Structures are given as structure tokens and as C-alpha cells.
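Here's the structure, in C-alpha cells; my notes come after.
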Amino acid sequence: MLKVIGVQKIYGETKAVDHVDMHIKKDRCTALIGPNGAGKTTLLSIITGLGKPDKGKVILSGKHQDRREVLGYLPQFPRFYDWMTGREYVRYAGELFGLTRKEADRRAEELLAMTGLEESGSKRIAGYSGGMKQRLGIAQALINRPELLILDEPVSALDPFGRREVIELLKKLKKDTAILFSTHVLGDAEQVSDDIYMMKEGRIILESTLAELKQNYALPVFLIETKDGIEELAEAFRNQPWVKEVELEAGRIRIQAVNMEEGRAGVLQLLKDKNALYTKVEAETVSLEDVFMQVMSG
Ligand SMILES: Nc1ncnc2c1ncn2[C@@H]1O[C@H](COP(=O)(O)OP(=O)(O)O)[C@@H](O)[C@H]1O
Ligand SMILES: [Mg+2]
């Protein structure tokens, strides 16, 4: 639904965004992941149309030409009027957007309900928690029923409770709206996103679906739990030619194989040969954080 083509932005000596191409798809939640200073905020502001690129362009597919009609945006550091109530704030956003007073009222009620702020809508924003403020910011960004919701670091500044609130909200919203959000909180990105872009020093250094990423970066590591004979079994694994490393940790054997195929076959064969009384055998899953570390250091 949106394409970024060869976008570049330079501040003095810094290439904040360096020839970036992206394809944001409908019905997908896309995470833009990168360390501080990677260029995420600059890129997102160019995508929204608030920032102008030095080179390249952003194209909306379909009949829409005006990005303001299609996009909703929550900046990294939103400004709230602390003396307003949540309800007043969303109504105000609606009126700014050009809704009539009545429409703005109605839409505000819908959005407060959608973001779980019905109860606290009549409280002043000054008394809101971080998670509540972020949800209010999301309500504001949804005022025009956008097809693509763009959120710049919506969870990064929050405590674990606030993060959970926002992530649960995103899970709900992604059913109806495409989402593009930046983050460096990888565990959270892992829970909601379908597509991943990793950014470093202005460039996209990896682009993948989350599922493919996990498959491609999976390590050939297997975990075995057993009731007894764990030392013996570990020793037997150590002597296999396809085994690289064996560790005993917290009552289980962790085996690193030379590759996935030989590992999988070898583990099952040896368990059978030894008549091992195992209680659990599984391949270790790779986390987005593991992948991120590999990609960023590579
Ligand atoms: N308005 C600006 N003027 C000068 N340099 C900027 C400006 N905005 C961002 N930068 C620089 O561009 C780079 C990318 O910044 P930013 O887009 O904020 O990254 P991120 O959001 O990933 O932390 C950084 O080196 C930052 O210092
Ligand atoms: Mg930023």
C-alpha cells in the first residue's frame, strides 16, 4: 500500500537516511528496528510527509494521493496538553482534523473505547500513566480512520506494564489497520509484527518476514530433558561426530550440532539407540534479539 523508493536525507556530514527502499503491505504489521541514531525517526517522518527527503520518494498505491487522508501518526515524543482530559484531547484532535463538533464527540467516544480509556477519559492527562498516554496518542492518530498507522517508538519509554498495554492494543488494531512502528524493544516487536526491517546507520540492512527470519537464523541447537542418566547421555552426545558442543544446564542437555539436518537426525537416532528416558526434546528457538545481534555485528 505504500512504497519508499531510494529515500535519502543528509544532515551535514550525517547520512540520517541512506537510499532506503521499503514496501509496506496492507493487512501487515511492519516493525522498523534499529539502535538509537539509526535514522528511524527521520525515515518515518519522511514517510508521513512531514519531513522532506533530499532524494527519492514515497508513493501511495491505489486511488489516494493525499497522505493525510490515509495515514495516522504518533511521533516519538508526542506533546499532550496535561490540563485537558483524555476525552477533550481526542475531540480536539478531531476538530483539528476538520470533523464537526458532533462528529468529533462521537469519534472520540469510539476511540476512547477502542483504546481502553473510556473510564479515564474524563480524567486530566496529567494523571495518566505512560501506557495510558501512549494509548491516548494512538487514539489521536486513529482519528481519521487511517489505513496505515505509523508509530515512532510507541513502547520504548514505557515500563513493562505500559508496554504490555500498548502491545495488546496493537494486536487488536492490526486486525483492521496496517501498522508501521519503530522500536528497539525486540521482544515486543516479535509479538506483533509480520514484516521486519532492520536499520543501521541510515541503511536497511535486513528485510524479511518474521517467520522467514526465524527460520533462516535458527541455530542447530537442541534441548533434551531426561529423568535420569543425564550425565551418561550427555557424554554419549559429546562423542558424536556431528556434535559441536554439549552443555549441561538446569537439568537439561543443550546440544549444538554442526547443522540442522544432521543434528535433527542424530539426536533422534542416539536417543533411540540409548533407549533414553527423555521427557522432552526440542529445537531451541531463535529470538528476534539473537537475530538482531547477529545482523548488527555482521
Ligand atoms: N534535525 C536534525 N539535524 C541534524 N541531525 C539530525 C537531525 N535529526 C536527526 N539527525 C541525526 O540523524 C541521525 C538519525 O537520527 P534519528 O532519525 O533520530 O534516529 P533514530 O530515530 O533511529 O534514533 C542521527 O545521527 C541524528 O543525530
Ligand atoms: Mg527515533
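Letters A, B, ... go to the chains of the C-alpha cells in the order shown; residues in each chain start at 1; ligands are counted from 1 in the same order.
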
Residues at most 12 Å from A:Gln76, counting only C-alpha atoms, excluding those fewer than 2 positions away in the same chain, as a PyMOL selection string?
chain A and resi 40-42+44-45+73-74+78-79+134+137-138+150-158+181-183

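Counting only C-alpha atoms, A:Arg163 has the following residues at most 12 Å away, ignoring those fewer than 2 positions along the same chain: Ser129, Gly130, Gly131, Met132, Lys133, Gln134, Arg135, Glu153, Pro154, Val155, Ser156, Ala157, Leu158, Asp159, Pro160, Phe161, Glu165, Val166, Ile167, Glu168, Leu169, Leu170, Thr183, Val185, Leu186, Gly187, Asp188, Ala189 and Gln191 of chain A.
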
Any chance you could export the current selection's N, CA and C atoms as an mmCIF file, in the first residue's frame?
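part.cif, written as the output of this step:
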```cif
data_model
loop_
_atom_site.group_PDB
_atom_site.id
_atom_site.type_symbol
_atom_site.label_atom_id
_atom_site.label_comp_id
_atom_site.auth_asym_id
_atom_site.auth_seq_id
_atom_site.Cartn_x
_atom_site.Cartn_y
_atom_site.Cartn_z
ATOM 1 N N SER A 129 -0.821 7.384 33.312
ATOM 2 C CA SER A 129 0.442 6.629 33.288
ATOM 3 C C SER A 129 1.027 6.721 31.880
ATOM 4 N N GLY A 130 2.278 6.287 31.750
ATOM 5 C CA GLY A 130 2.926 6.296 30.436
ATOM 6 C C GLY A 130 2.138 5.497 29.408
ATOM 7 N N GLY A 131 1.670 4.313 29.814
ATOM 8 C CA GLY A 131 0.905 3.464 28.903
ATOM 9 C C GLY A 131 -0.404 4.114 28.488
ATOM 10 N N MET A 132 -1.059 4.803 29.426
ATOM 11 C CA MET A 132 -2.316 5.488 29.105
ATOM 12 C C MET A 132 -2.070 6.636 28.129
ATOM 13 N N LYS A 133 -0.989 7.376 28.346
ATOM 14 C CA LYS A 133 -0.670 8.483 27.428
ATOM 15 C C LYS A 133 -0.403 7.956 26.021
ATOM 16 N N GLN A 134 0.331 6.852 25.964
ATOM 17 C CA GLN A 134 0.661 6.290 24.659
ATOM 18 C C GLN A 134 -0.616 5.791 23.964
ATOM 19 N N ARG A 135 -1.536 5.221 24.735
ATOM 20 C CA ARG A 135 -2.804 4.766 24.136
ATOM 21 C C ARG A 135 -3.637 5.954 23.676
ATOM 22 N N GLU A 153 8.452 4.526 17.965
ATOM 23 C CA GLU A 153 8.831 4.038 19.299
ATOM 24 C C GLU A 153 7.665 4.101 20.296
ATOM 25 N N PRO A 154 6.564 3.416 20.003
ATOM 26 C CA PRO A 154 5.407 3.517 20.892
ATOM 27 C C PRO A 154 5.603 2.829 22.242
ATOM 28 N N VAL A 155 6.584 1.949 22.362
ATOM 29 C CA VAL A 155 6.757 1.228 23.635
ATOM 30 C C VAL A 155 8.075 1.520 24.345
ATOM 31 N N SER A 156 8.993 2.157 23.654
ATOM 32 C CA SER A 156 10.368 2.235 24.175
ATOM 33 C C SER A 156 10.488 2.930 25.519
ATOM 34 N N ALA A 157 9.659 3.931 25.765
ATOM 35 C CA ALA A 157 9.808 4.701 27.000
ATOM 36 C C ALA A 157 8.960 4.148 28.148
ATOM 37 N N LEU A 158 8.297 3.014 27.910
ATOM 38 C CA LEU A 158 7.326 2.525 28.896
ATOM 39 C C LEU A 158 7.901 1.436 29.801
ATOM 40 N N ASP A 159 7.320 1.320 30.991
ATOM 41 C CA ASP A 159 7.681 0.213 31.871
ATOM 42 C C ASP A 159 6.971 -1.053 31.354
ATOM 43 N N PRO A 160 7.307 -2.225 31.906
ATOM 44 C CA PRO A 160 6.733 -3.462 31.377
ATOM 45 C C PRO A 160 5.201 -3.479 31.338
ATOM 46 N N PHE A 161 4.555 -2.847 32.317
ATOM 47 C CA PHE A 161 3.077 -2.818 32.314
ATOM 48 C C PHE A 161 2.572 -1.977 31.152
ATOM 49 N N GLU A 165 0.290 -3.060 27.786
ATOM 50 C CA GLU A 165 -0.951 -2.389 27.386
ATOM 51 C C GLU A 165 -0.906 -1.991 25.917
ATOM 52 N N VAL A 166 0.208 -1.407 25.529
ATOM 53 C CA VAL A 166 0.303 -0.909 24.154
ATOM 54 C C VAL A 166 0.399 -2.061 23.160
ATOM 55 N N ILE A 167 1.176 -3.098 23.520
ATOM 56 C CA ILE A 167 1.312 -4.240 22.613
ATOM 57 C C ILE A 167 -0.037 -4.945 22.427
ATOM 58 N N GLU A 168 -0.781 -5.101 23.515
ATOM 59 C CA GLU A 168 -2.103 -5.729 23.390
ATOM 60 C C GLU A 168 -3.013 -4.891 22.496
ATOM 61 N N LEU A 169 -2.916 -3.575 22.635
ATOM 62 C CA LEU A 169 -3.716 -2.686 21.786
ATOM 63 C C LEU A 169 -3.312 -2.842 20.310
ATOM 64 N N LEU A 170 -2.018 -2.909 20.053
ATOM 65 C CA LEU A 170 -1.561 -3.054 18.662
ATOM 66 C C LEU A 170 -2.047 -4.375 18.064
ATOM 67 N N THR A 183 11.016 0.543 16.768
ATOM 68 C CA THR A 183 11.272 0.140 18.148
ATOM 69 C C THR A 183 12.691 -0.361 18.306
ATOM 70 N N VAL A 185 12.812 -2.289 21.227
ATOM 71 C CA VAL A 185 12.407 -3.325 22.179
ATOM 72 C C VAL A 185 11.997 -4.560 21.371
ATOM 73 N N LEU A 186 12.948 -5.492 21.243
ATOM 74 C CA LEU A 186 12.772 -6.556 20.267
ATOM 75 C C LEU A 186 11.741 -7.590 20.669
ATOM 76 N N GLY A 187 11.657 -7.873 21.958
ATOM 77 C CA GLY A 187 10.677 -8.850 22.411
ATOM 78 C C GLY A 187 9.266 -8.416 22.046
ATOM 79 N N ASP A 188 9.036 -7.118 22.095
ATOM 80 C CA ASP A 188 7.717 -6.598 21.759
ATOM 81 C C ASP A 188 7.457 -6.666 20.260
ATOM 82 N N ALA A 189 8.476 -6.318 19.491
ATOM 83 C CA ALA A 189 8.343 -6.376 18.031
ATOM 84 C C ALA A 189 7.994 -7.799 17.606
ATOM 85 N N GLN A 191 6.312 -9.960 19.108
ATOM 86 C CA GLN A 191 4.945 -10.385 19.412
ATOM 87 C C GLN A 191 3.903 -9.904 18.428
#
```

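Taking atom 17 (O, counted along the ligand's line) of ligand 1 as the reference point, atom CA of A:Phe80 is found at 21.8 Å.
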
Enumerate, in order of chain and increasing residue number, the residues of chain A with an atom no farther than 7 Å from ligand 1, each with its shortest atom pair and distance in Å to one decimal, counting only C-alpha atoms and all ligand atoms, as a tab-separated table.
```
residue	atom	partner	partner_atom_place_in_ligand_line	distance
A:Tyr11	CA	ligand 1	4 (C)	4.9
A:Thr14	CA	ligand 1	25 (O)	6.0
A:Lys15	CA	ligand 1	12 (O)	6.8
A:Ala16	CA	ligand 1	12 (O)	4.0
A:Gly34	CA	ligand 1	22 (O)	6.1
A:Pro35	CA	ligand 1	22 (O)	6.0
A:Asn36	CA	ligand 1	23 (O)	3.6
A:Gly37	CA	ligand 1	19 (O)	3.5
A:Ala38	CA	ligand 1	22 (O)	3.7
A:Gly39	CA	ligand 1	17 (O)	3.2
A:Lys40	CA	ligand 1	22 (O)	3.7
A:Thr41	CA	ligand 1	21 (O)	3.6
A:Thr42	CA	ligand 1	17 (O)	3.7
A:Leu43	CA	ligand 1	17 (O)	6.4
A:Gly202	CA	ligand 1	14 (C)	6.9
```

A:Ala276, A:Leu149, A:Met199, A:Leu173 ranked by distance to ligand 2, top pick (using only C-alpha atoms and all ligand atoms):
A:Met199

Excluding stretch 246-259 of chain A and residues on its chain fewer than 3 positions from it, collect all residues at most 12 Å away from it, counting only C-alpha atoms, and give them as a ChimeraX atom specification.
/A:217-243,262-267,278-284

Give me, as a JSON list (two decimals) with all heavy atoms, in the first residue's frame, all polymer residues having an atom no more than 9 Å from stretch 5-8 of chain A, counting only C-alpha atoms and skipping those fewer than 5 positions away in the same chain.
```json
[["chain", "number", "residue", "atom", "x", "y", "z"],
["A", 15, "LYS", "N", 24.57, 10.93, 7.10],
["A", 15, "LYS", "CA", 23.52, 10.38, 6.24],
["A", 15, "LYS", "C", 22.48, 9.75, 7.17],
["A", 15, "LYS", "O", 22.62, 8.58, 7.54],
["A", 15, "LYS", "CB", 24.09, 9.34, 5.30],
["A", 15, "LYS", "CG", 24.80, 9.94, 4.10],
["A", 15, "LYS", "CD", 25.19, 8.86, 3.11],
["A", 15, "LYS", "CE", 25.91, 9.48, 1.91],
["A", 15, "LYS", "NZ", 26.52, 8.45, 1.05],
["A", 16, "ALA", "N", 21.49, 10.51, 7.57],
["A", 16, "ALA", "CA", 20.49, 10.00, 8.52],
["A", 16, "ALA", "C", 19.70, 8.88, 7.87],
["A", 16, "ALA", "O", 19.39, 7.86, 8.52],
["A", 16, "ALA", "CB", 19.58, 11.13, 8.97],
["A", 17, "VAL", "N", 19.34, 9.06, 6.60],
["A", 17, "VAL", "CA", 18.65, 8.01, 5.83],
["A", 17, "VAL", "C", 19.39, 7.89, 4.50],
["A", 17, "VAL", "O", 19.57, 8.88, 3.79],
["A", 17, "VAL", "CB", 17.17, 8.36, 5.59],
["A", 17, "VAL", "CG1", 16.51, 7.29, 4.72],
["A", 17, "VAL", "CG2", 16.42, 8.50, 6.92],
["A", 18, "ASP", "N", 19.82, 6.66, 4.20],
["A", 18, "ASP", "CA", 20.73, 6.46, 3.08],
["A", 18, "ASP", "C", 20.14, 5.48, 2.07],
["A", 18, "ASP", "O", 20.21, 4.27, 2.27],
["A", 18, "ASP", "CB", 22.06, 5.93, 3.65],
["A", 18, "ASP", "CG", 23.17, 5.91, 2.63],
["A", 18, "ASP", "OD1", 22.94, 6.36, 1.50],
["A", 18, "ASP", "OD2", 24.27, 5.43, 2.98],
["A", 19, "HIS", "N", 19.53, 6.00, 1.03],
["A", 19, "HIS", "CA", 18.95, 5.17, -0.04],
["A", 19, "HIS", "C", 18.10, 4.02, 0.48],
["A", 19, "HIS", "O", 18.44, 2.85, 0.28],
["A", 19, "HIS", "CB", 20.07, 4.62, -0.94],
["A", 19, "HIS", "CG", 20.60, 5.67, -1.85],
["A", 19, "HIS", "ND1", 21.75, 6.37, -1.60],
["A", 19, "HIS", "CD2", 20.08, 6.21, -2.98],
["A", 19, "HIS", "CE1", 21.95, 7.27, -2.55],
["A", 19, "HIS", "NE2", 20.93, 7.22, -3.39],
["A", 20, "VAL", "N", 17.04, 4.38, 1.09],
["A", 20, "VAL", "CA", 16.17, 3.35, 1.67],
["A", 20, "VAL", "C", 15.01, 3.02, 0.73],
["A", 20, "VAL", "O", 14.36, 3.91, 0.19],
["A", 20, "VAL", "CB", 15.62, 3.82, 3.04],
["A", 20, "VAL", "CG1", 14.43, 2.98, 3.47],
["A", 20, "VAL", "CG2", 16.73, 3.74, 4.09],
["A", 21, "ASP", "N", 14.79, 1.72, 0.55],
["A", 21, "ASP", "CA", 13.62, 1.22, -0.16],
["A", 21, "ASP", "C", 12.80, 0.38, 0.81],
["A", 21, "ASP", "O", 13.36, -0.41, 1.55],
["A", 21, "ASP", "CB", 14.03, 0.29, -1.32],
["A", 21, "ASP", "CG", 14.85, 1.02, -2.37],
["A", 21, "ASP", "OD1", 14.43, 2.13, -2.76],
["A", 21, "ASP", "OD2", 15.89, 0.48, -2.80],
["A", 22, "MET", "N", 11.50, 0.58, 0.78],
["A", 22, "MET", "CA", 10.62, -0.25, 1.62],
["A", 22, "MET", "C", 9.32, -0.50, 0.88],
["A", 22, "MET", "O", 8.92, 0.30, 0.04],
["A", 22, "MET", "CB", 10.26, 0.48, 2.92],
["A", 22, "MET", "CG", 11.35, 0.61, 3.92],
["A", 22, "MET", "SD", 10.77, 1.62, 5.31],
["A", 22, "MET", "CE", 10.40, 0.36, 6.51],
["A", 23, "HIS", "N", 8.70, -1.60, 1.23],
["A", 23, "HIS", "CA", 7.39, -1.90, 0.68],
["A", 23, "HIS", "C", 6.47, -2.26, 1.86],
["A", 23, "HIS", "O", 6.60, -3.34, 2.44],
["A", 23, "HIS", "CB", 7.50, -3.06, -0.31],
["A", 23, "HIS", "CG", 6.21, -3.35, -1.00],
["A", 23, "HIS", "ND1", 6.05, -4.39, -1.88],
["A", 23, "HIS", "CD2", 5.03, -2.71, -0.95],
["A", 23, "HIS", "CE1", 4.81, -4.40, -2.33],
["A", 23, "HIS", "NE2", 4.16, -3.39, -1.77],
["A", 43, "LEU", "N", 13.29, 8.66, 8.94],
["A", 43, "LEU", "CA", 12.60, 7.91, 7.88],
["A", 43, "LEU", "C", 11.08, 7.95, 8.05],
["A", 43, "LEU", "O", 10.34, 8.21, 7.10],
["A", 43, "LEU", "CB", 13.11, 6.46, 7.88],
["A", 43, "LEU", "CG", 12.46, 5.50, 6.89],
["A", 43, "LEU", "CD1", 12.61, 6.00, 5.45],
["A", 43, "LEU", "CD2", 13.07, 4.09, 7.00],
["A", 46, "ILE", "N", 9.61, 11.21, 7.08],
["A", 46, "ILE", "CA", 9.54, 11.37, 5.61],
["A", 46, "ILE", "C", 8.36, 10.57, 5.06],
["A", 46, "ILE", "O", 7.64, 11.03, 4.18],
["A", 46, "ILE", "CB", 10.87, 10.93, 4.96],
["A", 46, "ILE", "CG1", 11.96, 11.95, 5.31],
["A", 46, "ILE", "CG2", 10.73, 10.79, 3.45],
["A", 46, "ILE", "CD1", 13.37, 11.51, 4.93],
["A", 53, "PRO", "N", 12.43, 14.42, 1.89],
["A", 53, "PRO", "CA", 13.70, 13.74, 1.57],
["A", 53, "PRO", "C", 14.57, 14.61, 0.65],
["A", 53, "PRO", "O", 14.04, 15.46, -0.07],
["A", 53, "PRO", "CB", 13.24, 12.49, 0.83],
["A", 53, "PRO", "CG", 11.92, 12.85, 0.23],
["A", 53, "PRO", "CD", 11.29, 13.87, 1.13],
["A", 54, "ASP", "N", 15.88, 14.43, 0.72],
["A", 54, "ASP", "CA", 16.76, 15.09, -0.24],
["A", 54, "ASP", "C", 16.67, 14.40, -1.60],
["A", 54, "ASP", "O", 16.80, 15.02, -2.63],
["A", 54, "ASP", "CB", 18.22, 15.04, 0.26],
["A", 54, "ASP", "CG", 18.39, 15.80, 1.57],
["A", 54, "ASP", "OD1", 17.70, 16.83, 1.73],
["A", 54, "ASP", "OD2", 19.18, 15.36, 2.42],
["A", 55, "LYS", "N", 16.50, 13.10, -1.54],
["A", 55, "LYS", "CA", 16.37, 12.30, -2.76],
["A", 55, "LYS", "C", 15.30, 11.24, -2.52],
["A", 55, "LYS", "O", 15.05, 10.88, -1.38],
["A", 55, "LYS", "CB", 17.68, 11.57, -3.05],
["A", 55, "LYS", "CG", 18.67, 12.32, -3.88],
["A", 55, "LYS", "CD", 19.76, 11.32, -4.29],
["A", 55, "LYS", "CE", 21.01, 12.07, -4.75],
["A", 55, "LYS", "NZ", 22.16, 11.16, -4.76],
["A", 56, "GLY", "N", 14.75, 10.70, -3.62],
["A", 56, "GLY", "CA", 13.82, 9.60, -3.52],
["A", 56, "GLY", "C", 12.40, 10.05, -3.27],
["A", 56, "GLY", "O", 12.13, 11.25, -3.18],
["A", 57, "LYS", "N", 11.50, 9.09, -3.17],
["A", 57, "LYS", "CA", 10.10, 9.44, -2.97],
["A", 57, "LYS", "C", 9.31, 8.36, -2.25],
["A", 57, "LYS", "O", 9.76, 7.22, -2.11],
["A", 57, "LYS", "CB", 9.44, 9.74, -4.31],
["A", 57, "LYS", "CG", 9.57, 8.62, -5.31],
["A", 57, "LYS", "CD", 9.08, 9.06, -6.68],
["A", 57, "LYS", "CE", 9.41, 7.99, -7.72],
["A", 57, "LYS", "NZ", 8.99, 8.31, -9.06],
["A", 58, "VAL", "N", 8.14, 8.76, -1.81],
["A", 58, "VAL", "CA", 7.23, 7.85, -1.13],
["A", 58, "VAL", "C", 5.95, 7.82, -1.94],
["A", 58, "VAL", "O", 5.39, 8.88, -2.25],
["A", 58, "VAL", "CB", 6.93, 8.34, 0.31],
["A", 58, "VAL", "CG1", 5.92, 7.43, 1.00],
["A", 58, "VAL", "CG2", 8.22, 8.42, 1.12],
["A", 59, "ILE", "N", 5.53, 6.63, -2.31],
["A", 59, "ILE", "CA", 4.35, 6.51, -3.17],
["A", 59, "ILE", "C", 3.26, 5.70, -2.49],
["A", 59, "ILE", "O", 3.51, 4.62, -1.96],
["A", 59, "ILE", "CB", 4.72, 5.80, -4.49],
["A", 59, "ILE", "CG1", 5.82, 6.58, -5.21],
["A", 59, "ILE", "CG2", 3.50, 5.69, -5.38],
["A", 59, "ILE", "CD1", 6.28, 5.88, -6.47],
["A", 202, "GLY", "N", 21.48, 4.58, 8.89],
["A", 202, "GLY", "CA", 20.74, 5.13, 7.76],
["A", 202, "GLY", "C", 20.32, 4.12, 6.71],
["A", 202, "GLY", "O", 19.53, 4.44, 5.82]]
```

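Comparing A:Met296, A:Leu96, A:Met1, A:Ile24 by their smallest distance to A:Leu206, the closest is A:Met296 (using only C-alpha atoms).
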